[in-house]
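Asker: If it helps, the file is called my_file-v5.txt and holds compact mmCIF, C-alpha atoms:
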# COMPACT_ATOMS: atom_id res chain seq x y z
CA MET A 819 35.87 37.70 17.66
CA ASP A 820 36.71 34.74 19.92
CA THR A 821 37.58 31.47 18.24
CA TRP A 822 37.74 28.06 19.85
CA ARG A 823 38.23 24.48 18.85
CA ASP A 824 35.56 21.84 18.78
CA THR A 825 36.45 19.63 21.76
CA ARG A 826 33.85 17.06 20.72
CA ARG A 827 36.43 15.63 18.35
CA LEU A 828 38.83 14.87 21.24
CA THR A 829 38.93 11.54 23.03
CA PRO A 830 37.15 11.33 26.42
CA GLN A 831 40.55 11.22 28.18
CA ALA A 832 41.76 14.35 26.34
CA GLN A 833 38.51 16.16 27.14
CA GLU A 834 38.87 15.35 30.85
CA ALA A 835 42.52 16.51 30.91
CA LEU A 836 41.56 19.78 29.19
CA ARG A 837 38.82 20.48 31.73
CA HIS A 838 41.27 19.91 34.61
CA ARG A 839 43.86 22.24 33.04
CA VAL A 840 41.33 25.02 32.45
CA VAL A 841 39.88 24.81 35.99
CA GLN A 842 43.39 24.63 37.53
CA ALA A 843 44.37 27.80 35.62
CA VAL A 844 41.30 29.69 36.84
CA VAL A 845 41.15 28.38 40.44
CA GLY A 846 44.82 27.69 41.16
CA ARG A 847 46.57 30.46 39.23
CA ASN A 848 43.82 33.11 39.45
CA MET A 849 43.59 33.43 35.67
CA THR A 850 40.45 35.17 34.51
CA LYS A 851 37.87 33.05 32.77
CA ALA A 852 38.15 35.15 29.60
CA ALA A 853 41.94 34.72 29.57
CA ALA A 854 41.60 30.98 30.16
CA ALA A 855 39.15 30.71 27.27
CA ARG A 856 41.62 32.48 24.93
CA THR A 857 44.63 30.50 26.20
CA PHE A 858 43.05 27.08 25.82
CA ALA A 859 40.96 27.96 22.73
CA VAL A 860 37.64 26.99 24.30
CA SER A 861 34.43 28.94 24.70
CA ARG A 862 33.86 31.14 27.75
CA THR A 863 30.55 29.33 28.28
CA SER A 864 32.42 26.06 28.73
CA VAL A 865 34.89 27.65 31.16
CA HIS A 866 32.02 29.03 33.28
CA ALA A 867 30.29 25.62 33.30
CA TRP A 868 33.44 23.70 34.28
CA VAL A 869 34.39 26.07 37.09
CA ARG A 870 30.84 26.03 38.47
CA ALA A 871 30.69 22.21 38.30
CA ARG A 872 34.05 21.99 40.11
CA ARG A 873 32.84 24.35 42.83
CA GLU A 874 29.48 22.57 43.35
CA ARG A 875 30.40 18.87 42.95
CA GLY A 876 34.16 18.66 43.22
CA LEU A 877 36.72 17.09 40.89
CA ARG A 878 34.42 14.18 40.04
CA ALA A 879 32.27 16.63 38.06
CA LEU A 880 35.12 16.98 35.54
CA LYS A 881 35.40 13.26 34.81
CA SER A 882 34.42 12.05 31.35
CA ARG A 883 31.19 10.08 31.07
CA ARG A 884 30.26 7.49 28.50
CA ARG A 885 29.15 9.15 25.29
CA GLY A 886 26.46 8.04 22.85
CA ARG A 887 23.18 6.25 23.27
CA PRO A 888 22.50 4.62 26.66
CA ARG A 889 23.20 0.89 26.67
CA ARG A 890 20.07 0.06 28.60
CA CYS A 891 16.99 -0.12 26.35
CA ARG A 892 14.01 1.79 27.72
CA VAL A 893 11.69 -0.97 26.53
CA LEU A 894 12.00 -4.08 28.70
CA GLY A 895 12.16 -7.55 27.20
CA TRP A 896 8.55 -8.49 27.99
CA GLN A 897 7.35 -5.13 26.66
CA ALA A 898 9.26 -5.64 23.40
CA ALA A 899 7.80 -9.16 23.03
CA THR A 900 4.26 -7.87 23.67
CA THR A 901 4.72 -5.03 21.16
CA ALA A 902 6.05 -7.37 18.48
CA ARG A 903 3.14 -9.76 19.00
CA LEU A 904 0.61 -6.93 18.74
CA ILE A 905 2.21 -5.70 15.50
CA CYS A 906 2.07 -9.21 14.00
CA ASP A 907 -1.48 -10.05 15.11
CA HIS A 908 -3.36 -6.76 14.82
CA CYS A 909 -3.74 -3.61 12.76
CA PRO A 910 -3.29 -0.28 14.58
CA ASP A 911 -6.97 0.66 14.34
CA GLN A 912 -7.90 -2.62 16.04
CA LEU A 913 -5.93 -1.42 19.09
CA GLY A 914 -7.64 1.97 19.18
CA LEU A 915 -4.84 3.86 17.43
CA PRO A 916 -5.57 6.46 14.71
CA PHE A 917 -3.55 4.58 12.07
CA VAL A 918 -4.28 1.94 9.43
CA LEU A 919 -0.71 0.76 8.81
CA TRP A 920 2.12 0.04 11.22
CA THR A 921 4.45 3.02 10.84
CA ARG A 922 7.06 4.31 13.23
CA GLU A 923 4.54 6.88 14.46
CA ALA A 924 1.98 4.12 15.07
CA VAL A 925 4.45 2.05 17.12
CA GLN A 926 5.47 5.21 18.98
CA SER A 927 1.82 5.78 19.93
CA LEU A 928 1.44 2.12 20.95
CA LEU A 929 4.43 2.31 23.32
CA ALA A 930 3.12 5.54 24.83
CA LYS A 931 -0.45 4.25 25.24
CA ARG A 932 0.28 0.76 26.52
CA PHE A 933 3.49 1.20 28.52
CA HIS A 934 3.71 5.01 29.02
CA ILE A 935 7.14 5.04 27.35
CA PRO A 936 7.81 8.23 25.34
CA VAL A 937 10.38 7.59 22.57
CA SER A 938 11.27 9.37 19.34
CA VAL A 939 10.37 7.97 15.91
CA TRP A 940 14.09 7.42 15.23
CA THR A 941 14.39 5.30 18.37
CA VAL A 942 11.29 3.36 17.29
CA GLY A 943 12.98 2.71 13.94
CA ARG A 944 16.00 1.23 15.72
CA TYR A 945 13.74 -0.91 17.91
CA LEU A 946 11.84 -2.26 14.87
CA LYS A 947 15.09 -3.16 13.11
CA LYS A 948 16.33 -4.89 16.26
CA TRP A 949 13.05 -6.84 16.57
CA GLY A 950 13.29 -8.06 12.96
CA PHE A 951 10.68 -5.81 11.33
CA THR A 952 11.10 -4.21 7.91
CA PRO A 953 8.75 -1.89 5.94
CA GLN A 954 6.75 -3.96 3.44
CA LYS A 955 3.82 -3.55 1.10
CA PRO A 956 0.84 -5.20 2.82
CA VAL A 957 -1.39 -7.80 1.21
CA ARG A 958 -5.05 -6.83 0.99
CA ARG A 959 -7.32 -9.32 2.79
CA ALA A 960 -11.11 -9.19 2.71
CA TYR A 961 -13.10 -9.03 5.94
CA GLU A 962 -15.34 -11.77 4.53
CA GLN A 963 -12.51 -14.29 4.31
CA ASP A 964 -13.13 -17.38 6.44
CA PRO A 965 -9.90 -18.43 8.24
CA ALA A 966 -11.31 -21.93 8.84
CA ALA A 967 -11.94 -22.40 5.10
CA VAL A 968 -8.39 -21.22 4.34
CA GLN A 969 -6.98 -23.67 6.87
CA GLU A 970 -9.03 -26.51 5.43
CA TRP A 971 -7.84 -25.65 1.92
CA LEU A 972 -4.20 -25.67 2.94
CA GLU A 973 -4.32 -28.76 5.12
CA ARG A 974 -6.92 -30.99 3.45
CA ARG A 975 -8.44 -29.92 0.15
CA TYR A 976 -5.34 -28.92 -1.81
CA PRO A 977 -3.26 -31.91 -0.62
CA ALA A 978 -6.17 -34.12 -1.74
CA ILE A 979 -6.15 -32.45 -5.19
CA ARG A 980 -2.40 -33.08 -5.47
CA ARG A 981 -2.82 -36.76 -4.60
CA LEU A 982 -5.67 -37.13 -7.09
CA ALA A 983 -3.62 -35.38 -9.79
CA ALA A 984 -0.76 -37.80 -9.19
CA GLN A 985 -3.14 -40.78 -9.48
CA GLU A 986 -4.68 -39.54 -12.73
CA ARG A 987 -1.37 -38.15 -14.09
CA ALA A 988 -2.92 -34.71 -14.39
CA GLU A 989 -1.19 -31.34 -14.35
CA ILE A 990 -2.39 -28.68 -11.89
CA HIS A 991 -3.03 -25.27 -13.46
CA TRP A 992 -3.84 -22.11 -11.53
CA GLY A 993 -6.13 -19.76 -13.44
CA ASP A 994 -7.45 -16.24 -13.18
CA GLU A 995 -8.67 -13.37 -15.33
CA MET A 996 -8.37 -9.60 -15.05
CA GLY A 997 -9.16 -6.35 -16.83
CA LEU A 998 -6.45 -3.95 -17.98
CA ARG A 999 -6.88 -0.18 -18.31
CA SER A 1000 -4.84 2.28 -20.35
CA ASP A 1001 -4.74 4.80 -17.47
CA HIS A 1002 -2.97 2.39 -15.13
CA HIS A 1003 0.63 3.36 -14.43
CA THR A 1004 3.36 2.33 -12.00
CA GLY A 1005 6.92 3.33 -11.21
CA THR A 1006 8.57 6.68 -10.58
CA THR A 1007 10.58 9.17 -12.62
CA TYR A 1008 13.12 11.80 -11.62
CA GLY A 1009 12.17 15.47 -11.61
CA ARG A 1010 13.13 18.78 -10.03
CA LYS A 1011 12.50 18.95 -6.29
CA GLY A 1012 9.08 20.45 -5.60
CA LYS A 1013 7.97 20.17 -9.24
CA THR A 1014 6.03 17.03 -10.17
CA PRO A 1015 7.03 15.83 -13.66
CA ALA A 1016 4.24 15.36 -16.23
CA ILE A 1017 4.25 12.41 -18.65
CA PRO A 1018 2.34 13.01 -21.91
CA GLY A 1019 -0.22 10.39 -22.90
CA THR A 1020 -3.57 10.01 -24.53
CA GLY A 1021 -6.63 11.24 -22.66
CA LYS A 1022 -8.75 8.42 -24.12
CA ARG A 1023 -9.52 5.46 -21.91
CA PHE A 1024 -9.51 1.97 -23.33
CA GLY A 1025 -8.69 -1.47 -22.13
CA CYS A 1026 -8.70 -5.20 -22.70
CA ASN A 1027 -9.10 -8.39 -20.69
CA MET A 1028 -6.83 -11.32 -20.06
CA ILE A 1029 -7.29 -14.88 -18.83
CA SER A 1030 -4.32 -17.09 -17.98
CA THR A 1031 -3.12 -20.21 -16.20
CA ILE A 1032 0.30 -21.13 -14.82
CA THR A 1033 1.86 -24.29 -13.40
CA ASN A 1034 4.66 -24.77 -10.90
CA ARG A 1035 6.72 -26.31 -13.72
CA GLY A 1036 6.81 -22.98 -15.54
CA CYS A 1037 4.04 -23.46 -18.10
CA LEU A 1038 2.01 -20.36 -19.01
CA SER A 1039 -1.18 -20.25 -21.11
CA PHE A 1040 -3.09 -17.07 -21.83
CA MET A 1041 -5.72 -15.39 -23.98
CA VAL A 1042 -6.16 -11.63 -24.46
CA PHE A 1043 -9.59 -10.49 -25.59
CA LYS A 1044 -11.69 -7.35 -26.06
CA GLN A 1045 -15.20 -8.53 -25.15
CA HIS A 1046 -16.62 -9.00 -21.66
CA PHE A 1047 -15.69 -12.11 -19.72
CA VAL A 1048 -18.65 -14.47 -20.19
CA GLY A 1049 -19.19 -18.23 -20.39
CA ASP A 1050 -18.38 -18.47 -24.10
CA VAL A 1051 -15.02 -16.76 -23.57
CA MET A 1052 -14.20 -19.11 -20.70
CA ILE A 1053 -15.10 -22.17 -22.79
CA GLU A 1054 -12.99 -20.95 -25.71
CA PHE A 1055 -10.01 -20.58 -23.41
CA LEU A 1056 -10.58 -24.04 -21.92
CA ARG A 1057 -10.66 -25.54 -25.44
CA ARG A 1058 -7.29 -23.99 -26.18
CA LEU A 1059 -5.92 -25.12 -22.84
CA ILE A 1060 -6.74 -28.81 -23.31
CA ARG A 1061 -5.57 -28.70 -26.96
CA GLN A 1062 -2.08 -27.61 -25.97
CA SER A 1063 -1.86 -29.79 -22.84
CA HIS A 1064 -0.36 -33.26 -23.16
CA THR A 1065 -1.99 -34.50 -19.95
CA LYS A 1066 -5.26 -34.10 -18.12
CA VAL A 1067 -5.75 -30.62 -16.65
CA PHE A 1068 -6.77 -29.90 -13.06
CA LEU A 1069 -7.69 -26.21 -13.15
CA ILE A 1070 -7.94 -24.28 -9.85
CA VAL A 1071 -9.79 -20.95 -10.06
CA ASP A 1072 -11.70 -18.58 -7.79
CA ARG A 1073 -15.49 -18.54 -7.43
CA HIS A 1074 -16.22 -16.01 -10.15
CA PRO A 1075 -19.85 -16.34 -11.37
CA VAL A 1076 -18.67 -17.26 -14.90
CA HIS A 1077 -16.55 -20.13 -13.52
CA ARG A 1078 -19.64 -21.56 -11.79
CA SER A 1079 -22.13 -20.81 -14.56
CA GLY A 1080 -24.34 -23.58 -15.92
CA LYS A 1081 -22.87 -23.31 -19.42
CA VAL A 1082 -19.29 -23.80 -18.18
CA GLU A 1083 -20.34 -26.57 -15.79
CA ARG A 1084 -22.07 -28.52 -18.56
CA TRP A 1085 -19.07 -28.11 -20.87
CA ILE A 1086 -16.73 -29.38 -18.13
CA GLU A 1087 -18.95 -32.43 -17.60
CA ARG A 1088 -18.78 -33.28 -21.30
CA HIS A 1089 -14.99 -33.01 -21.28
CA ASN A 1090 -14.24 -34.50 -17.87
CA ARG A 1091 -11.74 -36.91 -19.44
CA HIS A 1092 -9.52 -33.95 -20.25
CA ILE A 1093 -10.21 -31.33 -17.59
CA ARG A 1094 -11.57 -30.86 -14.08
CA LEU A 1095 -12.39 -27.64 -12.25
CA PHE A 1096 -11.63 -26.90 -8.58
CA PHE A 1097 -12.49 -23.77 -6.62
CA LEU A 1098 -10.49 -21.77 -4.10
CA PRO A 1099 -12.17 -20.61 -0.87
CA ASP A 1100 -14.12 -17.36 -1.07
CA TYR A 1101 -12.21 -14.05 -0.92
CA CYS A 1102 -8.74 -15.65 -1.02
CA PRO A 1103 -6.89 -14.21 -4.04
CA GLU A 1104 -3.60 -14.35 -2.13
CA LEU A 1105 -3.73 -18.16 -2.33
CA ASN A 1106 -3.64 -18.11 -6.14
CA PRO A 1107 -0.14 -17.92 -7.72
CA ASP A 1108 -1.67 -16.61 -10.97
CA GLU A 1109 -2.43 -13.35 -9.15
CA LEU A 1110 1.33 -12.69 -9.16
CA LEU A 1111 1.38 -13.01 -12.94
CA ASN A 1112 -1.48 -10.48 -13.06
CA GLN A 1113 0.52 -8.04 -10.95
CA ASP A 1114 3.57 -8.55 -13.16
CA VAL A 1115 1.59 -7.84 -16.35
CA LYS A 1116 -0.15 -4.79 -14.87
CA SER A 1117 3.12 -3.31 -13.66
CA ASN A 1118 5.40 -4.04 -16.60
CA ALA A 1119 3.26 -4.61 -19.70
CA VAL A 1120 0.75 -1.83 -18.96
CA GLY A 1121 1.92 0.39 -16.10
CA ARG A 1122 5.28 1.26 -17.67
CA GLN A 1123 3.97 1.64 -21.25
CA ARG A 1124 2.00 4.42 -22.95
CA PRO A 1125 -0.14 2.77 -25.64
CA LYS A 1126 -1.91 5.18 -27.99
CA ASN A 1127 -4.87 2.88 -28.70
CA GLN A 1128 -6.38 -0.48 -27.83
CA PRO A 1129 -4.61 -2.53 -30.58
CA GLU A 1130 -1.24 -1.24 -29.40
CA MET A 1131 -2.11 -2.06 -25.81
CA ILE A 1132 -3.18 -5.62 -26.71
CA HIS A 1133 0.01 -6.04 -28.74
CA ASN A 1134 2.16 -4.94 -25.76
CA VAL A 1135 0.39 -7.35 -23.39
CA ARG A 1136 0.69 -10.30 -25.79
CA LEU A 1137 4.35 -9.50 -26.45
CA TYR A 1138 5.11 -9.44 -22.74
CA LEU A 1139 3.22 -12.69 -22.06
CA ARG A 1140 4.94 -14.49 -24.95
CA SER A 1141 8.29 -13.37 -23.59
CA THR A 1142 7.34 -14.74 -20.17
CA GLN A 1143 6.21 -18.01 -21.78
CA ARG A 1144 9.72 -18.52 -23.13
CA GLN A 1145 11.20 -18.12 -19.64
CA PRO A 1146 9.77 -20.87 -17.40
CA ASP A 1147 12.04 -19.82 -14.55
CA ILE A 1148 10.11 -16.54 -14.28
CA VAL A 1149 6.79 -18.40 -14.06
CA GLN A 1150 8.26 -20.74 -11.45
CA SER A 1151 9.45 -17.75 -9.42
CA TYR A 1152 5.82 -16.75 -8.80
CA PHE A 1153 5.51 -19.87 -6.64
CA GLU A 1154 8.41 -18.73 -4.44
CA CYS A 1155 6.21 -16.11 -2.77
CA GLU A 1156 5.57 -17.17 0.83
CA GLN A 1157 1.78 -17.11 0.59
CA VAL A 1158 1.65 -19.44 -2.44
CA SER A 1159 4.73 -21.54 -1.74
CA TYR A 1160 2.42 -24.36 -0.66
CA ALA A 1161 1.63 -24.88 -4.38
CA LYS A 1162 5.25 -25.54 -5.42
Written as structure tokens, how would this file's structure read?

Answerer:
Amino acid sequence: MDTWRDTRRLTPQAQEALRHRVVQAVVGRNMTKAAAARTFAVSRTSVHAWVRARRERGLRALKSRRRGRPRRCRVLGWQAATTARLICDHCPDQLGLPFVLWTREAVQSLLAKRFHIPVSVWTVGRYLKKWGFTPQKPVRRAYEQDPAAVQEWLERRYPAIRRLAAQERAEIHWGDEMGLRSDHHTGTTYGRKGKTPAIPGTGKRFGCNMISTITNRGCLSFMVFKQHFVGDVMIEFLRRLIRQSHTKVFLIVDRHPVHRSGKVERWIERHNRHIRLFFLPDYCPELNPDELLNQDVKSNAVGRQRPKNQPEMIHNVRLYLRSTQRQPDIVQSYFECEQVSYAK
């Protein structure tokens, strides 16, 4: 059996010199191609190719060419800028592509459809890295959200609330409530390839509810409860909130029906020396820093635990929240997220 060395490991100069020596032996010294292949430890296919190239194109055919990826990018500068702008401003389905998220395949289809440039998904990955894109978990945004209302909140309404809070020496709290389910889980676990691991847990479904507020100074207040979220529950939480607060409270919440109910509104009016209520624009949960606390609790206090019953679940949630209360730096870190950094 013929054996030969892998010339790909040689330098370009050494490869060129080898090709010249092999061709010179065959053409100049009338050595057979099989003998030349054995003598120089190269494949007979390579010898045939080199001799044919020398015969058809001359000695220049044996010169080494630059190896690796071409230096010139197939996507021109203006095409790259247009693609990046489309990725930032639109979803793939808005551009007529059969994708919901921007993946390498989606960008590949965009380049082919808009500029007739066929590239591999690996090349697309290099382009995206070069253009400053990284894979990220998207934020859900409702179709009903009003961009003008969001802009007004960021530029006028919230700055006005901050000025008023400074005048009245009030502390701004961000509040929200959520339901927790025992069947919620997050994270991954190792298992044999091709065999999904099974985690034992109770088949019973149970849950609890939580209402909380946070401040950009690291203060956390919360209440975990079993019953439905109604006006009486909201009022009970507000009582606790103003009892433990040393200053007037400006509470910012979403437009949940309980927050705007007549019972809560009348209670706020009677206690307006201690607390005021402000409402975020409709369908804008991403503007509320307390949503990040909710995600934290769902992922770590519920998603990574396996409570056997409701009391154990409530105990785990309270334990986690009390631990977070004792670490104001964690609460303050929620305000570092880009979408809520305006509230710092």

Asker: Select, counting all atoms listed in the file, all protein, DNA and RNA residues no farther than 12 Å from (-8.6, -4.7, -25.8) in file coordinates, and express the selection as a ChimeraX atom specification.

Answerer: /A:996-1000,1023-1028,1041-1047,1120,1125,1127-1136

Asker: Based on the selection just made, write C-alpha atoms of those residues as a compact mmCIF listing (two decimals), keeping the file's coordinate frame.

Answerer:
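result.txt, written as the output of this step:
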# COMPACT_ATOMS: atom_id res chain seq x y z
CA MET A 996 -8.37 -9.60 -15.05
CA GLY A 997 -9.16 -6.35 -16.83
CA LEU A 998 -6.45 -3.95 -17.98
CA ARG A 999 -6.88 -0.18 -18.31
CA SER A 1000 -4.84 2.28 -20.35
CA ARG A 1023 -9.52 5.46 -21.91
CA PHE A 1024 -9.51 1.97 -23.33
CA GLY A 1025 -8.69 -1.47 -22.13
CA CYS A 1026 -8.70 -5.20 -22.70
CA ASN A 1027 -9.10 -8.39 -20.69
CA MET A 1028 -6.83 -11.32 -20.06
CA MET A 1041 -5.72 -15.39 -23.98
CA VAL A 1042 -6.16 -11.63 -24.46
CA PHE A 1043 -9.59 -10.49 -25.59
CA LYS A 1044 -11.69 -7.35 -26.06
CA GLN A 1045 -15.20 -8.53 -25.15
CA HIS A 1046 -16.62 -9.00 -21.66
CA PHE A 1047 -15.69 -12.11 -19.72
CA VAL A 1120 0.75 -1.83 -18.96
CA PRO A 1125 -0.14 2.77 -25.64
CA ASN A 1127 -4.87 2.88 -28.70
CA GLN A 1128 -6.38 -0.48 -27.83
CA PRO A 1129 -4.61 -2.53 -30.58
CA GLU A 1130 -1.24 -1.24 -29.40
CA MET A 1131 -2.11 -2.06 -25.81
CA ILE A 1132 -3.18 -5.62 -26.71
CA HIS A 1133 0.01 -6.04 -28.74
CA ASN A 1134 2.16 -4.94 -25.76
CA VAL A 1135 0.39 -7.35 -23.39
CA ARG A 1136 0.69 -10.30 -25.79

Asker: For atom CA of A:Asn1034 and atom CA of A:His1064, quote the distance in Å rounded to one decimal.

Answerer: 15.7 Å

Asker: For atom CA of A:Pro830 and atom CA of A:Lys881, determine how far apart the two atoms are, in Å to one decimal place.

Answerer: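 For atom CA of A:Pro830 relative to atom CA of A:Lys881, the distance reads 8.8 Å.
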
Asker: Could you state the separation of atom CA of A:Ile1032 and atom CA of A:Val1051 in Å, given to one decimal place?

Answerer: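 Going from atom CA of A:Ile1032 over to atom CA of A:Val1051 covers 18.2 Å.
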
Asker: Is there a way to get, as a list in words, all residues within 10 Å of the point (-9.6, -20.3, 1.7) in file coordinates, counting only C-alpha atoms?

Answerer: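 Every residue inside that radius is included here: Gln963, Asp964, Pro965, Ala966, Ala967, Val968, Gln969, Glu970, Trp971, Leu972, Arg975, Asp1072, Phe1097, Leu1098, Pro1099, Asp1100, Tyr1101, Cys1102, Pro1103, Glu1104 and Leu1105 of chain A.
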
Asker: Would you write out those residues with C-alpha atoms, as a short mmCIF file (atom, residue, chain, number, x, y, z; two decimals), keeping the file's coordinate frame?

Answerer:
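So part.cif came out as:
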data_model
loop_
_atom_site.label_atom_id
_atom_site.label_comp_id
_atom_site.auth_asym_id
_atom_site.auth_seq_id
_atom_site.Cartn_x
_atom_site.Cartn_y
_atom_site.Cartn_z
CA GLN A 963 -12.51 -14.29 4.31
CA ASP A 964 -13.13 -17.38 6.44
CA PRO A 965 -9.90 -18.43 8.24
CA ALA A 966 -11.31 -21.93 8.84
CA ALA A 967 -11.94 -22.40 5.10
CA VAL A 968 -8.39 -21.22 4.34
CA GLN A 969 -6.98 -23.67 6.87
CA GLU A 970 -9.03 -26.51 5.43
CA TRP A 971 -7.84 -25.65 1.92
CA LEU A 972 -4.20 -25.67 2.94
CA ARG A 975 -8.44 -29.92 0.15
CA ASP A 1072 -11.70 -18.58 -7.79
CA PHE A 1097 -12.49 -23.77 -6.62
CA LEU A 1098 -10.49 -21.77 -4.10
CA PRO A 1099 -12.17 -20.61 -0.87
CA ASP A 1100 -14.12 -17.36 -1.07
CA TYR A 1101 -12.21 -14.05 -0.92
CA CYS A 1102 -8.74 -15.65 -1.02
CA PRO A 1103 -6.89 -14.21 -4.04
CA GLU A 1104 -3.60 -14.35 -2.13
CA LEU A 1105 -3.73 -18.16 -2.33
#
